[in-house]
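Novice: Below is the structure I would like to discuss, written out as structure tokens.
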Protein chains: 2
Amino acid sequence: MQRTSFAQMHCSIAQTLEIVGEWWTPLILRDVHLGLHRFDDIAEDLGISRNLLTRRLAYLVEHDILERRPYQTRPVRHEYHLTEAGRDLAPALLVLMAWGDRHATPPGGPPLRVVHRACGHRFTPEVTCSSCGEPVTGRDIEAQPGPGAAAAPGTRVLARLTPGPPAVYKPSS
Amino acid sequence: MQRTSFAQMHCSIAQTLEIVGEWWTPLILRDVHLGLHRFDDIAEDLGISRNLLTRRLAYLVEHDILERRPYQTRPVRHEYHLTEAGRDLAPALLVLMAWGDRHATPPGGPPLRVVHRACGHRFTPEVTCSSCGEPVTGRDIEAQPGPGAAAAPGTRVLARLTPGPPAVYKPSS
């Protein structure tokens with residue numbers, strides 16, 4: 001199953017997908033976040049082929065999302081644990097979950113609830129503005145080219161952006 | 001390119017991926033959010049094959065993420081616009097972008113900056129708790145089974161969760 005690589009795209013969404021966007025990968029990471037660390041446990045939970053899981057895990061280790069830690073010595077066996085970059089994916093997984101809860105909920109309602117330990121309450125993950133703290137939607141953001149912008153394959157759209165503020169490019173419906 | 005369907009999984013991440021998780025799809029949606037609405041514009045921007053783009057767009061229309069609107073009549077041609085569910089994906093795309101900016105930035109720095117119109121400031125998208133407003137990380141959430149939980153293929157891990165609070169299942173590194 002050969003896929004087009006996004007590695008050369010000047011787009012941070014594409015860069016993220018290149019590392020964690022393959023089919024099955026977000027679910028593998030969900031399982032590790034939920035406390036499954038061993039190959040057999042993840043394979044059994046997901047019902048994924050062992051061959052495919054081996055490839056996905058190796059790729060995630062290679063790209064510094066997971067790390068292998070030995071848990072027995074004869075023979076040596078490893079568990080998979082999240083790196084810092086892997087742990088930082090938790091908010092992204094929560095937001096994908098929240099979208100699914102709202103727009104694609106399986107019969108019976110949300111399969112999972114999340115509690116925020118810091119405040120002790122069940123919560124809905126919200127994406128907010130780091131400046132004012134309010135939730136952000138597609139309707140109230142403007143995109144501007146950043147320092148790494150380039151009108152290259154995959155991001156020719158950036159050629160339509162005017163560098164620097166004021167932004168002229170408005171996300172629309 | 002046949003993929004395993006996640007449609008039967010009692011997991012809202014899986015449900016989300018089933019609709020918008022295929023290779024290329026998040027980038028197609030990025031383009032529509034950025035204002036590209038016509039087939040030829042998206043195809044040229046991404047460098048995606050027309051055949052594949054046709055399939056992806058049809059699937060997104062079928063699943064109510066995009067809608068087709070005629071913009072000329074002879075011959076009839078359509079633009080692709082976001083539905084409410086499609087617009088609601090903007091925060092998820094922003095969070096994927098923020099992760100890429102931090103952990104997989106292309107040379108030159110972030111390709112895109114975002115400005116929050118409501119407050120006028122450049123911002124970093126943050127995932128926060130709807131109850132206390134503080135940012136959430138993988139370290140300070142607890143997962144509990146929701147009303148739609150089922151220990152079925154893809155979610156056998158849920159069998160390890162104890163129903164209702166107090167949660168016993170703690171996301172770990």
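Residues are named by chain letter and number: chains run A, B, ... in the order of the structure tokens, numbers start at 1 in each chain, and ligands are numbered from 1 in the order shown.
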Any idea what's packed within 7 Å of Asp101 (chain B), counting only C-alpha atoms, ignoring anything in its chain fewer than 4 positions away? Could you give it as a list of chain:residue names?
Specialist: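 In the requested form, the answer reads A:Ser12, B:Met97, B:Thr105, B:Pro110.
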Novice: If we count only C-alpha atoms, what is near Glu18 (chain A) at a cut-off of 12 Å, once residues fewer than 6 positions away on the same chain are taken out, given as JSON, numbers by chain?
Specialist: {"A": [3, 4, 5, 6, 7, 8, 9, 10, 11, 12, 25, 59, 60, 63], "B": [23, 24, 26, 27, 96, 100, 103, 104, 105, 106]}
Novice: Can those selected residues be exported to a file as a PDB file, in the first residue's frame so that it contains N, CA and C atoms?
Specialist:
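File produced: again-v3.pdb:
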```
ATOM      1  N   ARG A   3       1.848   5.057  -0.422  1.00  0.00           N
ATOM      2  CA  ARG A   3       1.151   6.328  -0.330  1.00  0.00           C
ATOM      3  C   ARG A   3       2.087   7.445  -0.761  1.00  0.00           C
ATOM      4  N   THR A   4       1.477   8.545  -1.222  1.00  0.00           N
ATOM      5  CA  THR A   4       2.267   9.721  -1.551  1.00  0.00           C
ATOM      6  C   THR A   4       2.832  10.312  -0.275  1.00  0.00           C
ATOM      7  N   SER A   5       4.101  10.654  -0.278  1.00  0.00           N
ATOM      8  CA  SER A   5       4.690  11.263   0.909  1.00  0.00           C
ATOM      9  C   SER A   5       4.367  12.755   0.960  1.00  0.00           C
ATOM     10  N   PHE A   6       4.065  13.233   2.173  1.00  0.00           N
ATOM     11  CA  PHE A   6       3.843  14.663   2.379  1.00  0.00           C
ATOM     12  C   PHE A   6       5.101  15.333   2.949  1.00  0.00           C
ATOM     13  N   ALA A   7       6.196  14.578   3.030  1.00  0.00           N
ATOM     14  CA  ALA A   7       7.370  15.053   3.773  1.00  0.00           C
ATOM     15  C   ALA A   7       7.932  16.372   3.245  1.00  0.00           C
ATOM     16  N   GLN A   8       7.755  16.632   1.952  1.00  0.00           N
ATOM     17  CA  GLN A   8       8.343  17.860   1.389  1.00  0.00           C
ATOM     18  C   GLN A   8       7.399  19.059   1.438  1.00  0.00           C
ATOM     19  N   MET A   9       6.187  18.846   1.926  1.00  0.00           N
ATOM     20  CA  MET A   9       5.215  19.950   1.916  1.00  0.00           C
ATOM     21  C   MET A   9       5.508  20.968   3.014  1.00  0.00           C
ATOM     22  N   HIS A  10       5.421  22.235   2.662  1.00  0.00           N
ATOM     23  CA  HIS A  10       5.580  23.302   3.655  1.00  0.00           C
ATOM     24  C   HIS A  10       4.243  23.547   4.342  1.00  0.00           C
ATOM     25  N   CYS A  11       3.823  22.562   5.089  1.00  0.00           N
ATOM     26  CA  CYS A  11       2.531  22.621   5.782  1.00  0.00           C
ATOM     27  C   CYS A  11       2.642  21.757   7.016  1.00  0.00           C
ATOM     28  N   SER A  12       2.347  22.323   8.167  1.00  0.00           N
ATOM     29  CA  SER A  12       2.527  21.565   9.407  1.00  0.00           C
ATOM     30  C   SER A  12       1.447  20.507   9.609  1.00  0.00           C
ATOM     31  N   THR A  25      -2.809   4.317  12.681  1.00  0.00           N
ATOM     32  CA  THR A  25      -1.844   4.902  13.617  1.00  0.00           C
ATOM     33  C   THR A  25      -2.489   5.685  14.767  1.00  0.00           C
ATOM     34  N   TYR A  59       7.759   2.453  12.645  1.00  0.00           N
ATOM     35  CA  TYR A  59       7.757   3.799  12.065  1.00  0.00           C
ATOM     36  C   TYR A  59       7.627   4.863  13.162  1.00  0.00           C
ATOM     37  N   LEU A  60       6.756   4.580  14.141  1.00  0.00           N
ATOM     38  CA  LEU A  60       6.551   5.541  15.230  1.00  0.00           C
ATOM     39  C   LEU A  60       7.787   5.639  16.127  1.00  0.00           C
ATOM     40  N   HIS A  63      10.362   7.685  14.246  1.00  0.00           N
ATOM     41  CA  HIS A  63      10.053   9.115  14.207  1.00  0.00           C
ATOM     42  C   HIS A  63       9.858   9.719  15.588  1.00  0.00           C
TER      43      HIS A  63
ATOM     44  N   TRP B  23      -5.883   9.148   3.761  1.00  0.00           N
ATOM     45  CA  TRP B  23      -4.740   9.893   3.237  1.00  0.00           C
ATOM     46  C   TRP B  23      -5.225  10.971   2.273  1.00  0.00           C
ATOM     47  N   TRP B  24      -4.734  12.165   2.377  1.00  0.00           N
ATOM     48  CA  TRP B  24      -5.079  13.344   1.575  1.00  0.00           C
ATOM     49  C   TRP B  24      -6.270  14.117   2.133  1.00  0.00           C
ATOM     50  N   PRO B  26      -7.464  15.259   5.083  1.00  0.00           N
ATOM     51  CA  PRO B  26      -7.296  16.473   5.890  1.00  0.00           C
ATOM     52  C   PRO B  26      -6.701  17.645   5.097  1.00  0.00           C
ATOM     53  N   LEU B  27      -5.873  17.344   4.109  1.00  0.00           N
ATOM     54  CA  LEU B  27      -5.296  18.430   3.304  1.00  0.00           C
ATOM     55  C   LEU B  27      -6.324  19.012   2.338  1.00  0.00           C
ATOM     56  N   LEU B  96      -3.695  19.836  14.798  1.00  0.00           N
ATOM     57  CA  LEU B  96      -2.705  19.055  14.043  1.00  0.00           C
ATOM     58  C   LEU B  96      -1.586  19.973  13.535  1.00  0.00           C
ATOM     59  N   GLY B 100       2.460  19.891  14.529  1.00  0.00           N
ATOM     60  CA  GLY B 100       3.495  19.882  13.493  1.00  0.00           C
ATOM     61  C   GLY B 100       4.448  21.063  13.633  1.00  0.00           C
ATOM     62  N   HIS B 103       6.676  19.941  16.637  1.00  0.00           N
ATOM     63  CA  HIS B 103       7.472  18.710  16.613  1.00  0.00           C
ATOM     64  C   HIS B 103       7.973  18.296  15.233  1.00  0.00           C
ATOM     65  N   ALA B 104       7.471  18.908  14.193  1.00  0.00           N
ATOM     66  CA  ALA B 104       7.878  18.468  12.849  1.00  0.00           C
ATOM     67  C   ALA B 104       7.991  19.646  11.898  1.00  0.00           C
ATOM     68  N   THR B 105       8.415  20.771  12.421  1.00  0.00           N
ATOM     69  CA  THR B 105       8.437  21.980  11.605  1.00  0.00           C
ATOM     70  C   THR B 105       9.377  21.843  10.407  1.00  0.00           C
ATOM     71  N   PRO B 106       8.875  22.215   9.245  1.00  0.00           N
ATOM     72  CA  PRO B 106       9.760  22.225   8.077  1.00  0.00           C
ATOM     73  C   PRO B 106      10.837  23.308   8.253  1.00  0.00           C
TER      74      PRO B 106
END
```
Novice: Quick one: everything within 10 Å of Ala152 (chain A), counting only C-alpha atoms, minus sequence neighbours fewer than 2 positions away in the same chain. Send it as a list in words.
Specialist: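 Here the answer would be Gln8, Met9, His10, Cys11, Ala149, Ala150, Gly154, Thr155, Arg156, Val157, Leu158 and Ala159 of chain A; Asp45, Leu46 and Gly47 of chain B.
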Novice: Just the alpha helix (DSSP H) stuff from region 2-167 of chain A, please, per backbone DSSP, written as a ChimeraX atom specification.
Specialist: /A:12-20,25-33,39-46,50-62,84-87,90-103
Novice: Among region 9-162 of chain B, which ones does DSSP assign to strand (DSSP E) (computed from the backbone)? Answer as an NGL selection string.
Specialist: :B and (66-73 or 76-82 or 112-116 or 121-122 or 125-129 or 141-145)
Novice: What is the CA of Pro91 (chain A) to CA of Gly138 (chain B) distance in Å?
Specialist: 6.9 Å
Novice: For Phe39 (chain B), which of B:Glu67, B:Glu79, B:Glu62, B:Glu22 is the closest residue, counting only C-alpha atoms?
Specialist: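 Going through B:Glu67, B:Glu79, B:Glu62, B:Glu22 one by one, the smallest distance to Phe39 (chain B) is for B:Glu79.
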